[in-house]
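> Input structure: final_29.pdb, which contains PDB, C-alpha atoms and all ligand atoms.
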```pdb
ATOM      1  CA  MET A  27      10.604 -64.517  -8.873  1.00  0.00           C
ATOM      2  CA  SER A  28       7.670 -66.754  -8.195  1.00  0.00           C
ATOM      3  CA  GLU A  29       4.345 -65.440  -7.020  1.00  0.00           C
ATOM      4  CA  THR A  30       1.653 -67.638  -5.549  1.00  0.00           C
ATOM      5  CA  LEU A  31      -1.488 -66.896  -7.541  1.00  0.00           C
ATOM      6  CA  ILE A  32      -3.767 -69.535  -6.053  1.00  0.00           C
ATOM      7  CA  SER A  33      -3.793 -71.221  -2.633  1.00  0.00           C
ATOM      8  CA  LEU A  34      -6.167 -73.906  -1.462  1.00  0.00           C
ATOM      9  CA  ARG A  35      -5.991 -74.806   2.228  1.00  0.00           C
ATOM     10  CA  GLY A  36      -7.927 -77.700   3.719  1.00  0.00           C
ATOM     11  CA  VAL A  37     -10.610 -77.438   1.043  1.00  0.00           C
ATOM     12  CA  THR A  38     -13.491 -79.858   1.449  1.00  0.00           C
ATOM     13  CA  LYS A  39     -16.592 -80.201  -0.691  1.00  0.00           C
ATOM     14  CA  THR A  40     -19.669 -82.145   0.335  1.00  0.00           C
ATOM     15  CA  PHE A  41     -22.511 -82.701  -2.116  1.00  0.00           C
ATOM     16  CA  GLY A  42     -25.971 -83.470  -0.745  1.00  0.00           C
ATOM     17  CA  THR A  43     -27.026 -83.735   2.886  1.00  0.00           C
ATOM     18  CA  GLY A  44     -27.837 -86.364   5.524  1.00  0.00           C
ATOM     19  CA  GLN A  45     -27.697 -89.970   4.351  1.00  0.00           C
ATOM     20  CA  ALA A  46     -27.033 -88.859   0.773  1.00  0.00           C
ATOM     21  CA  ALA A  47     -24.107 -86.598   1.685  1.00  0.00           C
ATOM     22  CA  PHE A  48     -20.955 -87.310  -0.284  1.00  0.00           C
ATOM     23  CA  GLN A  49     -17.595 -85.749   0.456  1.00  0.00           C
ATOM     24  CA  ALA A  50     -15.947 -85.211  -2.950  1.00  0.00           C
ATOM     25  CA  LEU A  51     -12.980 -83.245  -1.527  1.00  0.00           C
ATOM     26  CA  LYS A  52     -11.506 -84.204   1.827  1.00  0.00           C
ATOM     27  CA  GLY A  53      -8.995 -81.449   2.551  1.00  0.00           C
ATOM     28  CA  VAL A  54      -7.135 -80.286  -0.541  1.00  0.00           C
ATOM     29  CA  ASP A  55      -3.984 -78.175  -0.085  1.00  0.00           C
ATOM     30  CA  LEU A  56      -2.522 -76.719  -3.274  1.00  0.00           C
ATOM     31  CA  ASP A  57      -0.422 -73.710  -4.264  1.00  0.00           C
ATOM     32  CA  ILE A  58      -0.190 -72.575  -7.872  1.00  0.00           C
ATOM     33  CA  GLU A  59       2.452 -70.112  -8.998  1.00  0.00           C
ATOM     34  CA  ARG A  60       1.745 -67.431 -11.560  1.00  0.00           C
ATOM     35  CA  GLY A  61       2.905 -68.588 -15.001  1.00  0.00           C
ATOM     36  CA  ASP A  62       2.799 -72.293 -14.222  1.00  0.00           C
ATOM     37  CA  PHE A  63       1.282 -74.920 -16.512  1.00  0.00           C
ATOM     38  CA  VAL A  64      -0.440 -77.444 -14.250  1.00  0.00           C
ATOM     39  CA  ALA A  65      -2.044 -80.747 -15.188  1.00  0.00           C
ATOM     40  CA  ALA A  66      -4.450 -82.463 -12.774  1.00  0.00           C
ATOM     41  CA  MET A  67      -4.570 -86.236 -13.117  1.00  0.00           C
ATOM     42  CA  GLY A  68      -6.180 -89.066 -11.197  1.00  0.00           C
ATOM     43  CA  PRO A  69      -8.917 -91.683 -11.409  1.00  0.00           C
ATOM     44  CA  SER A  70     -12.460 -90.787 -12.403  1.00  0.00           C
ATOM     45  CA  GLY A  71     -14.314 -89.442  -9.364  1.00  0.00           C
ATOM     46  CA  SER A  72     -11.153 -88.385  -7.515  1.00  0.00           C
ATOM     47  CA  GLY A  73     -12.226 -84.729  -7.346  1.00  0.00           C
ATOM     48  CA  LYS A  74     -10.464 -83.109 -10.306  1.00  0.00           C
ATOM     49  CA  SER A  75     -13.506 -81.347 -11.783  1.00  0.00           C
ATOM     50  CA  THR A  76     -14.811 -80.369  -8.351  1.00  0.00           C
ATOM     51  CA  THR A  77     -11.459 -78.696  -7.665  1.00  0.00           C
ATOM     52  CA  MET A  78     -11.463 -76.992 -11.084  1.00  0.00           C
ATOM     53  CA  ASN A  79     -14.976 -75.658 -10.477  1.00  0.00           C
ATOM     54  CA  ILE A  80     -13.855 -74.170  -7.175  1.00  0.00           C
ATOM     55  CA  LEU A  81     -10.710 -72.681  -8.757  1.00  0.00           C
ATOM     56  CA  GLY A  82     -12.922 -71.294 -11.529  1.00  0.00           C
ATOM     57  CA  CYS A  83     -15.189 -69.562  -8.978  1.00  0.00           C
ATOM     58  CA  LEU A  84     -18.104 -71.626 -10.325  1.00  0.00           C
ATOM     59  CA  ASP A  85     -18.499 -73.347  -6.959  1.00  0.00           C
ATOM     60  CA  VAL A  86     -17.372 -72.733  -3.367  1.00  0.00           C
ATOM     61  CA  PRO A  87     -15.676 -74.993  -0.812  1.00  0.00           C
ATOM     62  CA  THR A  88     -17.843 -76.439   1.969  1.00  0.00           C
ATOM     63  CA  THR A  89     -14.967 -75.708   4.361  1.00  0.00           C
ATOM     64  CA  GLY A  90     -11.429 -74.473   3.932  1.00  0.00           C
ATOM     65  CA  SER A  91      -9.917 -71.520   2.195  1.00  0.00           C
ATOM     66  CA  PHE A  92      -9.336 -70.477  -1.431  1.00  0.00           C
ATOM     67  CA  ILE A  93      -7.120 -67.444  -1.872  1.00  0.00           C
ATOM     68  CA  PHE A  94      -6.963 -66.019  -5.400  1.00  0.00           C
ATOM     69  CA  LYS A  95      -4.952 -62.863  -6.058  1.00  0.00           C
ATOM     70  CA  GLY A  96      -5.199 -62.071  -2.364  1.00  0.00           C
ATOM     71  CA  HIS A  97      -9.007 -62.487  -2.199  1.00  0.00           C
ATOM     72  CA  ALA A  98     -10.522 -65.102   0.130  1.00  0.00           C
ATOM     73  CA  VAL A  99     -12.988 -66.334  -2.481  1.00  0.00           C
ATOM     74  CA  GLU A 100     -15.099 -68.313   0.006  1.00  0.00           C
ATOM     75  CA  ARG A 101     -15.990 -65.009   1.680  1.00  0.00           C
ATOM     76  CA  LEU A 102     -17.214 -63.354  -1.529  1.00  0.00           C
ATOM     77  CA  ASN A 103     -20.860 -63.349  -2.552  1.00  0.00           C
ATOM     78  CA  ARG A 104     -22.093 -64.752  -5.855  1.00  0.00           C
ATOM     79  CA  ASP A 105     -21.842 -61.420  -7.729  1.00  0.00           C
ATOM     80  CA  GLN A 106     -18.331 -60.731  -6.489  1.00  0.00           C
ATOM     81  CA  ARG A 107     -17.273 -64.213  -7.552  1.00  0.00           C
ATOM     82  CA  ALA A 108     -18.810 -63.659 -10.987  1.00  0.00           C
ATOM     83  CA  LEU A 109     -16.793 -60.458 -11.359  1.00  0.00           C
ATOM     84  CA  LEU A 110     -13.581 -62.271 -10.425  1.00  0.00           C
ATOM     85  CA  ARG A 111     -14.442 -64.976 -12.929  1.00  0.00           C
ATOM     86  CA  ARG A 112     -15.163 -62.574 -15.772  1.00  0.00           C
ATOM     87  CA  ARG A 113     -12.125 -60.439 -15.156  1.00  0.00           C
ATOM     88  CA  TYR A 114      -9.410 -62.995 -14.503  1.00  0.00           C
ATOM     89  CA  LEU A 115     -10.483 -66.458 -15.655  1.00  0.00           C
ATOM     90  CA  GLY A 116     -11.042 -68.226 -18.969  1.00  0.00           C
ATOM     91  CA  PHE A 117     -12.692 -71.642 -19.381  1.00  0.00           C
ATOM     92  CA  VAL A 118     -12.385 -74.442 -21.884  1.00  0.00           C
ATOM     93  CA  PHE A 119     -14.539 -77.556 -21.589  1.00  0.00           C
ATOM     94  CA  GLN A 120     -14.365 -81.005 -23.144  1.00  0.00           C
ATOM     95  CA  GLY A 121     -17.495 -80.407 -25.222  1.00  0.00           C
ATOM     96  CA  PHE A 122     -16.440 -77.013 -26.710  1.00  0.00           C
ATOM     97  CA  ASN A 123     -19.828 -75.411 -25.805  1.00  0.00           C
ATOM     98  CA  LEU A 124     -20.007 -73.124 -28.838  1.00  0.00           C
ATOM     99  CA  LEU A 125     -23.232 -71.518 -30.069  1.00  0.00           C
ATOM    100  CA  SER A 126     -24.080 -73.503 -33.194  1.00  0.00           C
ATOM    101  CA  ARG A 127     -25.719 -70.913 -35.462  1.00  0.00           C
ATOM    102  CA  THR A 128     -23.139 -68.294 -34.667  1.00  0.00           C
ATOM    103  CA  SER A 129     -19.865 -67.520 -36.443  1.00  0.00           C
ATOM    104  CA  ALA A 130     -16.485 -68.268 -34.882  1.00  0.00           C
ATOM    105  CA  LEU A 131     -15.899 -64.534 -34.398  1.00  0.00           C
ATOM    106  CA  GLU A 132     -19.277 -63.949 -32.704  1.00  0.00           C
ATOM    107  CA  ASN A 133     -18.641 -66.918 -30.397  1.00  0.00           C
ATOM    108  CA  VAL A 134     -15.254 -65.482 -29.447  1.00  0.00           C
ATOM    109  CA  GLU A 135     -16.711 -61.979 -28.919  1.00  0.00           C
ATOM    110  CA  LEU A 136     -19.372 -63.228 -26.498  1.00  0.00           C
ATOM    111  CA  PRO A 137     -17.493 -62.658 -23.192  1.00  0.00           C
ATOM    112  CA  LEU A 138     -16.837 -59.077 -24.325  1.00  0.00           C
ATOM    113  CA  LEU A 139     -20.511 -58.581 -25.128  1.00  0.00           C
ATOM    114  CA  TYR A 140     -21.323 -59.604 -21.523  1.00  0.00           C
ATOM    115  CA  ARG A 141     -18.778 -57.023 -20.406  1.00  0.00           C
ATOM    116  CA  GLY A 142     -20.572 -54.338 -22.396  1.00  0.00           C
ATOM    117  CA  GLU A 143     -17.682 -53.606 -24.760  1.00  0.00           C
ATOM    118  CA  SER A 144     -18.402 -51.729 -28.004  1.00  0.00           C
ATOM    119  CA  ARG A 145     -18.760 -53.538 -31.310  1.00  0.00           C
ATOM    120  CA  GLU A 146     -15.440 -52.162 -32.480  1.00  0.00           C
ATOM    121  CA  VAL A 147     -13.539 -53.292 -29.356  1.00  0.00           C
ATOM    122  CA  ARG A 148     -15.204 -56.724 -29.537  1.00  0.00           C
ATOM    123  CA  HIS A 149     -14.327 -57.151 -33.184  1.00  0.00           C
ATOM    124  CA  LYS A 150     -10.705 -56.152 -32.775  1.00  0.00           C
ATOM    125  CA  ALA A 151     -10.099 -58.322 -29.691  1.00  0.00           C
ATOM    126  CA  GLY A 152     -12.079 -61.216 -31.221  1.00  0.00           C
ATOM    127  CA  MET A 153      -9.985 -61.209 -34.386  1.00  0.00           C
ATOM    128  CA  ALA A 154      -6.766 -60.952 -32.350  1.00  0.00           C
ATOM    129  CA  ALA A 155      -7.810 -63.999 -30.286  1.00  0.00           C
ATOM    130  CA  LEU A 156      -8.676 -65.979 -33.436  1.00  0.00           C
ATOM    131  CA  GLU A 157      -5.274 -64.973 -34.812  1.00  0.00           C
ATOM    132  CA  GLN A 158      -3.612 -66.339 -31.644  1.00  0.00           C
ATOM    133  CA  VAL A 159      -5.203 -69.748 -32.175  1.00  0.00           C
ATOM    134  CA  GLY A 160      -4.438 -69.758 -35.910  1.00  0.00           C
ATOM    135  CA  LEU A 161      -8.029 -69.368 -37.122  1.00  0.00           C
ATOM    136  CA  ALA A 162      -8.224 -65.769 -38.345  1.00  0.00           C
ATOM    137  CA  ASP A 163      -9.189 -66.986 -41.838  1.00  0.00           C
ATOM    138  CA  TRP A 164     -12.137 -68.942 -40.400  1.00  0.00           C
ATOM    139  CA  TRP A 165     -13.783 -66.064 -38.534  1.00  0.00           C
ATOM    140  CA  ASP A 166     -17.101 -66.234 -40.430  1.00  0.00           C
ATOM    141  CA  HIS A 167     -17.565 -70.014 -40.250  1.00  0.00           C
ATOM    142  CA  THR A 168     -20.096 -71.637 -37.912  1.00  0.00           C
ATOM    143  CA  PRO A 169     -19.034 -74.534 -35.650  1.00  0.00           C
ATOM    144  CA  ALA A 170     -20.633 -77.093 -38.026  1.00  0.00           C
ATOM    145  CA  GLU A 171     -18.227 -75.914 -40.733  1.00  0.00           C
ATOM    146  CA  LEU A 172     -15.201 -76.504 -38.498  1.00  0.00           C
ATOM    147  CA  SER A 173     -13.416 -79.700 -37.413  1.00  0.00           C
ATOM    148  CA  GLY A 174     -13.430 -80.765 -33.760  1.00  0.00           C
ATOM    149  CA  GLY A 175      -9.899 -79.468 -33.317  1.00  0.00           C
ATOM    150  CA  GLN A 176     -10.844 -76.126 -34.868  1.00  0.00           C
ATOM    151  CA  GLN A 177     -13.942 -75.878 -32.671  1.00  0.00           C
ATOM    152  CA  GLN A 178     -11.798 -76.410 -29.578  1.00  0.00           C
ATOM    153  CA  ARG A 179      -9.429 -73.695 -30.808  1.00  0.00           C
ATOM    154  CA  VAL A 180     -12.395 -71.319 -31.191  1.00  0.00           C
ATOM    155  CA  ALA A 181     -13.371 -72.210 -27.611  1.00  0.00           C
ATOM    156  CA  ILE A 182      -9.808 -71.390 -26.500  1.00  0.00           C
ATOM    157  CA  ALA A 183      -9.949 -68.069 -28.389  1.00  0.00           C
ATOM    158  CA  ARG A 184     -13.207 -67.295 -26.553  1.00  0.00           C
ATOM    159  CA  ALA A 185     -11.513 -68.144 -23.246  1.00  0.00           C
ATOM    160  CA  ILE A 186      -8.522 -65.848 -23.864  1.00  0.00           C
ATOM    161  CA  VAL A 187     -10.296 -62.909 -25.532  1.00  0.00           C
ATOM    162  CA  THR A 188     -10.601 -61.183 -22.143  1.00  0.00           C
ATOM    163  CA  GLN A 189      -6.853 -61.670 -21.526  1.00  0.00           C
ATOM    164  CA  PRO A 190      -7.348 -63.751 -18.378  1.00  0.00           C
ATOM    165  CA  ASP A 191      -4.628 -64.464 -15.820  1.00  0.00           C
ATOM    166  CA  VAL A 192      -5.677 -68.105 -15.683  1.00  0.00           C
ATOM    167  CA  LEU A 193      -6.986 -70.529 -18.282  1.00  0.00           C
ATOM    168  CA  LEU A 194      -8.894 -73.505 -16.847  1.00  0.00           C
ATOM    169  CA  ALA A 195      -9.382 -76.478 -19.143  1.00  0.00           C
ATOM    170  CA  ASP A 196     -11.280 -79.599 -18.016  1.00  0.00           C
ATOM    171  CA  GLU A 197     -10.277 -82.478 -20.308  1.00  0.00           C
ATOM    172  CA  PRO A 198      -9.846 -80.150 -23.311  1.00  0.00           C
ATOM    173  CA  THR A 199      -8.701 -82.991 -25.571  1.00  0.00           C
ATOM    174  CA  GLY A 200     -11.238 -85.548 -24.326  1.00  0.00           C
ATOM    175  CA  ASN A 201     -13.214 -85.434 -27.601  1.00  0.00           C
ATOM    176  CA  LEU A 202     -10.251 -85.219 -29.978  1.00  0.00           C
ATOM    177  CA  ASP A 203      -8.002 -87.711 -31.767  1.00  0.00           C
ATOM    178  CA  SER A 204      -4.322 -87.770 -30.811  1.00  0.00           C
ATOM    179  CA  GLU A 205      -3.128 -85.522 -33.649  1.00  0.00           C
ATOM    180  CA  ARG A 206      -5.703 -82.832 -32.821  1.00  0.00           C
ATOM    181  CA  SER A 207      -4.909 -83.260 -29.117  1.00  0.00           C
ATOM    182  CA  VAL A 208      -1.234 -82.522 -29.748  1.00  0.00           C
ATOM    183  CA  GLU A 209      -2.213 -79.317 -31.597  1.00  0.00           C
ATOM    184  CA  ILE A 210      -4.311 -78.204 -28.646  1.00  0.00           C
ATOM    185  CA  MET A 211      -1.490 -78.967 -26.193  1.00  0.00           C
ATOM    186  CA  GLU A 212       0.990 -77.030 -28.336  1.00  0.00           C
ATOM    187  CA  LEU A 213      -1.429 -74.105 -28.368  1.00  0.00           C
ATOM    188  CA  LEU A 214      -1.854 -74.206 -24.573  1.00  0.00           C
ATOM    189  CA  THR A 215       1.939 -74.380 -24.192  1.00  0.00           C
ATOM    190  CA  ASP A 216       2.311 -71.377 -26.486  1.00  0.00           C
ATOM    191  CA  LEU A 217      -0.293 -69.353 -24.542  1.00  0.00           C
ATOM    192  CA  ASN A 218       1.464 -70.274 -21.307  1.00  0.00           C
ATOM    193  CA  ARG A 219       4.965 -69.380 -22.509  1.00  0.00           C
ATOM    194  CA  ARG A 220       4.327 -66.419 -24.783  1.00  0.00           C
ATOM    195  CA  ALA A 221       1.191 -64.824 -23.364  1.00  0.00           C
ATOM    196  CA  GLY A 222       2.184 -65.727 -19.786  1.00  0.00           C
ATOM    197  CA  ILE A 223      -1.225 -67.236 -19.013  1.00  0.00           C
ATOM    198  CA  THR A 224      -1.283 -69.622 -16.047  1.00  0.00           C
ATOM    199  CA  VAL A 225      -2.814 -72.848 -17.378  1.00  0.00           C
ATOM    200  CA  LEU A 226      -4.672 -75.414 -15.244  1.00  0.00           C
ATOM    201  CA  MET A 227      -5.763 -78.489 -17.141  1.00  0.00           C
ATOM    202  CA  VAL A 228      -7.420 -81.777 -16.266  1.00  0.00           C
ATOM    203  CA  THR A 229      -6.423 -84.786 -18.341  1.00  0.00           C
ATOM    204  CA  HIS A 230      -6.562 -88.579 -18.181  1.00  0.00           C
ATOM    205  CA  GLU A 231      -3.697 -88.947 -20.624  1.00  0.00           C
ATOM    206  CA  PRO A 232      -0.035 -89.018 -19.508  1.00  0.00           C
ATOM    207  CA  ASP A 233       1.005 -87.867 -23.019  1.00  0.00           C
ATOM    208  CA  MET A 234      -1.021 -84.674 -22.551  1.00  0.00           C
ATOM    209  CA  ALA A 235       0.053 -84.138 -18.939  1.00  0.00           C
ATOM    210  CA  ALA A 236       3.679 -84.304 -20.146  1.00  0.00           C
ATOM    211  CA  TYR A 237       3.234 -80.808 -21.624  1.00  0.00           C
ATOM    212  CA  ALA A 238       2.686 -79.372 -18.143  1.00  0.00           C
ATOM    213  CA  ASN A 239       5.425 -78.191 -15.750  1.00  0.00           C
ATOM    214  CA  THR A 240       3.584 -79.428 -12.675  1.00  0.00           C
ATOM    215  CA  ILE A 241       1.425 -82.538 -12.377  1.00  0.00           C
ATOM    216  CA  VAL A 242      -1.019 -82.757  -9.475  1.00  0.00           C
ATOM    217  CA  HIS A 243      -2.218 -86.298  -8.780  1.00  0.00           C
ATOM    218  CA  PHE A 244      -5.656 -86.603  -7.165  1.00  0.00           C
ATOM    219  CA  ARG A 245      -6.935 -89.663  -5.333  1.00  0.00           C
ATOM    220  CA  ASP A 246     -10.108 -90.089  -3.274  1.00  0.00           C
ATOM    221  CA  GLY A 247     -10.723 -86.364  -2.872  1.00  0.00           C
ATOM    222  CA  LEU A 248      -7.157 -85.506  -1.891  1.00  0.00           C
ATOM    223  CA  VAL A 249      -3.951 -84.376  -3.569  1.00  0.00           C
ATOM    224  CA  GLU A 250      -1.880 -87.526  -3.390  1.00  0.00           C
ATOM    225  CA  ARG A 251       1.333 -86.240  -4.964  1.00  0.00           C
ATOM    226  CA  ILE A 252       2.729 -83.289  -6.903  1.00  0.00           C
ATOM    227  CA  ASP A 253       5.402 -83.772  -9.597  1.00  0.00           C
ATOM    228  CA  ASP A 254       7.256 -80.604 -10.422  1.00  0.00           C
ATOM    229  CA  LYS A 255       9.523 -80.684 -13.486  1.00  0.00           C
ATOM    230  CA  ALA A 256      11.519 -77.694 -12.234  1.00  0.00           C
ATOM    231  CA  TYR A 257      12.722 -79.806  -9.314  1.00  0.00           C
ATOM    232  CA  ALA A 258      12.850 -83.182 -11.061  1.00  0.00           C
TER     233      ALA A 258
HETATM  234  P1  LIG B 301     -13.354 -86.239 -11.455  1.00  0.00           P
HETATM  235  O1  LIG B 301     -13.436 -84.956 -12.236  1.00  0.00           O
HETATM  236  O2  LIG B 301     -12.021 -86.449 -10.817  1.00  0.00           O
HETATM  237  O3  LIG B 301     -13.754 -87.419 -12.270  1.00  0.00           O
HETATM  238  P2  LIG B 301     -15.446 -85.047  -9.838  1.00  0.00           P
HETATM  239  O4  LIG B 301     -14.749 -83.929  -9.167  1.00  0.00           O
HETATM  240  O5  LIG B 301     -16.319 -84.701 -10.996  1.00  0.00           O
HETATM  241  O6  LIG B 301     -14.387 -86.174 -10.241  1.00  0.00           O
HETATM  242  O7  LIG B 301     -16.346 -85.826  -8.810  1.00  0.00           O
HETATM  243  C1  LIG B 301     -15.877 -86.280  -7.552  1.00  0.00           C
HETATM  244  C2  LIG B 301     -16.979 -87.035  -6.870  1.00  0.00           C
HETATM  245  O8  LIG B 301     -18.010 -86.134  -6.500  1.00  0.00           O
HETATM  246  C3  LIG B 301     -17.625 -88.103  -7.738  1.00  0.00           C
HETATM  247  O9  LIG B 301     -17.901 -89.217  -6.934  1.00  0.00           O
HETATM  248  C4  LIG B 301     -18.898 -87.441  -8.204  1.00  0.00           C
HETATM  249  O10 LIG B 301     -19.907 -88.401  -8.417  1.00  0.00           O
HETATM  250  C5  LIG B 301     -19.245 -86.524  -7.052  1.00  0.00           C
HETATM  251  N1  LIG B 301     -19.966 -85.327  -7.505  1.00  0.00           N
HETATM  252  C6  LIG B 301     -19.464 -84.355  -8.330  1.00  0.00           C
HETATM  253  N2  LIG B 301     -20.351 -83.379  -8.524  1.00  0.00           N
HETATM  254  C7  LIG B 301     -21.463 -83.728  -7.814  1.00  0.00           C
HETATM  255  C8  LIG B 301     -22.747 -83.120  -7.614  1.00  0.00           C
HETATM  256  N3  LIG B 301     -23.080 -81.942  -8.180  1.00  0.00           N
HETATM  257  N4  LIG B 301     -23.624 -83.770  -6.817  1.00  0.00           N
HETATM  258  C9  LIG B 301     -23.300 -84.952  -6.228  1.00  0.00           C
HETATM  259  N5  LIG B 301     -22.123 -85.564  -6.376  1.00  0.00           N
HETATM  260  C10 LIG B 301     -21.202 -84.973  -7.157  1.00  0.00           C
HETATM  261 MG    MG B 302     -14.017 -84.572 -14.238  1.00  0.00          MG
END
```
Could you rewrite the structure in this file as structure tokens?

Amino acid sequence: MSETLISLRGVTKTFGTGQAAFQALKGVDLDIERGDFVAAMGPSGSGKSTTMNILGCLDVPTTGSFIFKGHAVERLNRDQRALLRRRYLGFVFQGFNLLSRTSALENVELPLLYRGESREVRHKAGMAALEQVGLADWWDHTPAELSGGQQQRVAIARAIVTQPDVLLADEPTGNLDSERSVEIMELLTDLNRRAGITVLMVTHEPDMAAYANTIVHFRDGLVERIDDKAYA
């Protein structure tokens, strides 16, 4: 049974006003099923990150509708969107964004600290997340003591520590060599299949997109084509 988790309908996004106005999204329609692994591809500037930021409740459409778990997100206020984000979404960025003087475990525990969880709950969930990404033995190391691939895995552990429905990753392998990239893709595949997390990823690389079940091709602020392996 498939369940539509995310629906975008006629989503536009305009940055700036007047002469400087730029329409980054020109009417994006997209449905994402729960449990899917989706890769967004397309030329630089085609609107991939803008779409991810909207899906991640970090930004709102200028016009159009974004339904997530039955909520019309464009009608929510900033605080309501933040709650949705904290409860259901996890983020991974190209640049890892870890706190540098802080251990892997403390980095991973951070979203739970914001949620006001107790030290004991944070510790247990943090270690479980590090275990899931294969870094339990590295819990007390700072980012500087870890390789790029390990740092990205810590960032993924931080993103999944809250057990999100959706993991959003914007060019997660952009700063990694091909061997490390494959490890990250295998980890994302594992989280998708075994933990049932819906994964939305942006990538430039066809080799990385090949791990996804669905590939959404962006061009000039629109979804140009969707390739679905299930129907290939
Ligand atoms: P992609 O991720 O596909 O490379 P983006 O979604 O980041 O593309 O950007 C789409 C277009 O919108 C680009 O032309 C970019 O310059 C523009 N853009 C993105 N964010 C902003 C912003 N905050 N202000 C102005 N223009 C922006
Ligand atoms: Mg981008």
> Here's the selection I'm unsure about, the PyMOL selection byres (((not hetatm)) within 9 of (chain B and resi 302)); applied to the file above, which residues does it give, as a CSV table (one decimal) with C-alpha atoms, keeping the file's coordinate frame?

```
chain,number,residue,atom,x,y,z
A,70,SER,CA,-12.5,-90.8,-12.4
A,71,GLY,CA,-14.3,-89.4,-9.4
A,72,SER,CA,-11.2,-88.4,-7.5
A,73,GLY,CA,-12.2,-84.7,-7.3
A,74,LYS,CA,-10.5,-83.1,-10.3
A,75,SER,CA,-13.5,-81.3,-11.8
A,76,THR,CA,-14.8,-80.4,-8.4
A,78,MET,CA,-11.5,-77.0,-11.1
A,196,ASP,CA,-11.3,-79.6,-18.0
A,197,GLU,CA,-10.3,-82.5,-20.3
A,228,VAL,CA,-7.4,-81.8,-16.3
A,229,THR,CA,-6.4,-84.8,-18.3
```
> Quick one: which chain A residues come within 12 Å of ligand LIG 301 (chain B), and what is the nearest atom pair for each with the distance in Å to one decimal, counting all atoms listed in the file, rows ordered by chain and ascending number, as a Markdown table?

```
| residue | atom | partner | partner_atom | distance |
| --- | --- | --- | --- | --- |
| A:Thr38 | CA | B:LIG301 | O8 | 11.1 |
| A:Lys39 | CA | B:LIG301 | O8 | 8.4 |
| A:Thr40 | CA | B:LIG301 | N5 | 7.9 |
| A:Phe41 | CA | B:LIG301 | C9 | 4.8 |
| A:Gly42 | CA | B:LIG301 | C9 | 6.3 |
| A:Thr43 | CA | B:LIG301 | C9 | 9.9 |
| A:Ala46 | CA | B:LIG301 | C9 | 8.8 |
| A:Ala47 | CA | B:LIG301 | C9 | 8.1 |
| A:Phe48 | CA | B:LIG301 | N5 | 6.4 |
| A:Gln49 | CA | B:LIG301 | O8 | 7.0 |
| A:Ala50 | CA | B:LIG301 | O8 | 4.2 |
| A:Leu51 | CA | B:LIG301 | C1 | 7.3 |
| A:Lys52 | CA | B:LIG301 | C1 | 10.6 |
| A:Ala66 | CA | B:LIG301 | O2 | 8.8 |
| A:Met67 | CA | B:LIG301 | O2 | 7.8 |
| A:Gly68 | CA | B:LIG301 | O2 | 6.4 |
| A:Pro69 | CA | B:LIG301 | O2 | 6.1 |
| A:Ser70 | CA | B:LIG301 | O3 | 3.6 |
| A:Gly71 | CA | B:LIG301 | O6 | 3.4 |
| A:Ser72 | CA | B:LIG301 | O2 | 3.9 |
| A:Gly73 | CA | B:LIG301 | O4 | 3.2 |
| A:Lys74 | CA | B:LIG301 | O2 | 3.7 |
| A:Ser75 | CA | B:LIG301 | O1 | 3.6 |
| A:Thr76 | CA | B:LIG301 | O4 | 3.7 |
| A:Thr77 | CA | B:LIG301 | O4 | 6.4 |
| A:Met78 | CA | B:LIG301 | O4 | 7.9 |
| A:Asn79 | CA | B:LIG301 | O4 | 8.4 |
| A:Ile80 | CA | B:LIG301 | O4 | 10.0 |
| A:Leu81 | CA | B:LIG301 | O4 | 12.0 |
| A:Leu84 | CA | B:LIG301 | N3 | 11.7 |
| A:Asp85 | CA | B:LIG301 | N3 | 9.8 |
| A:Val86 | CA | B:LIG301 | N3 | 11.9 |
| A:Phe119 | CA | B:LIG301 | O1 | 12.0 |
| A:Gln120 | CA | B:LIG301 | O1 | 11.6 |
| A:Ala195 | CA | B:LIG301 | O1 | 11.7 |
| A:Asp196 | CA | B:LIG301 | O1 | 8.2 |
| A:Glu197 | CA | B:LIG301 | O1 | 9.0 |
| A:Met227 | CA | B:LIG301 | O1 | 11.2 |
| A:Val228 | CA | B:LIG301 | O1 | 7.9 |
| A:Thr229 | CA | B:LIG301 | O1 | 9.3 |
| A:His230 | CA | B:LIG301 | O3 | 9.4 |
| A:Val242 | CA | B:LIG301 | O2 | 11.7 |
| A:His243 | CA | B:LIG301 | O2 | 10.0 |
| A:Phe244 | CA | B:LIG301 | O2 | 7.3 |
| A:Arg245 | CA | B:LIG301 | O2 | 8.1 |
| A:Asp246 | CA | B:LIG301 | C1 | 8.1 |
| A:Gly247 | CA | B:LIG301 | C1 | 7.0 |
| A:Leu248 | CA | B:LIG301 | O2 | 10.2 |
| A:Val249 | CA | B:LIG301 | O2 | 11.0 |
```
> Rounded to one decimal in Å, what is the spacing between CA of Gly53 (chain A) and CA of Pro232 (chain A)?
25.0 Å
> Select, from A:Met234, A:Ala151, A:Ala130, A:Ala108, the residue with the minimum atom-to-atom distance to Gln176 (chain A), counting all atoms listed in the file.
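Among the listed residues, the smallest separation from Gln176 (chain A) belongs to A:Ala130.
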> Can you give me, as a ChimeraX atom specification, the residues this file yields under the PyMOL selection byres (((chain A and resi 101) around 12) and not hetatm)?
/A:83,86-94,96-100,102-107
> Which distance in Å separates CA of Arg184 (chain A) and CA of Glu205 (chain A), to one decimal?
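Between these atoms lies a distance of 22.0 Å.
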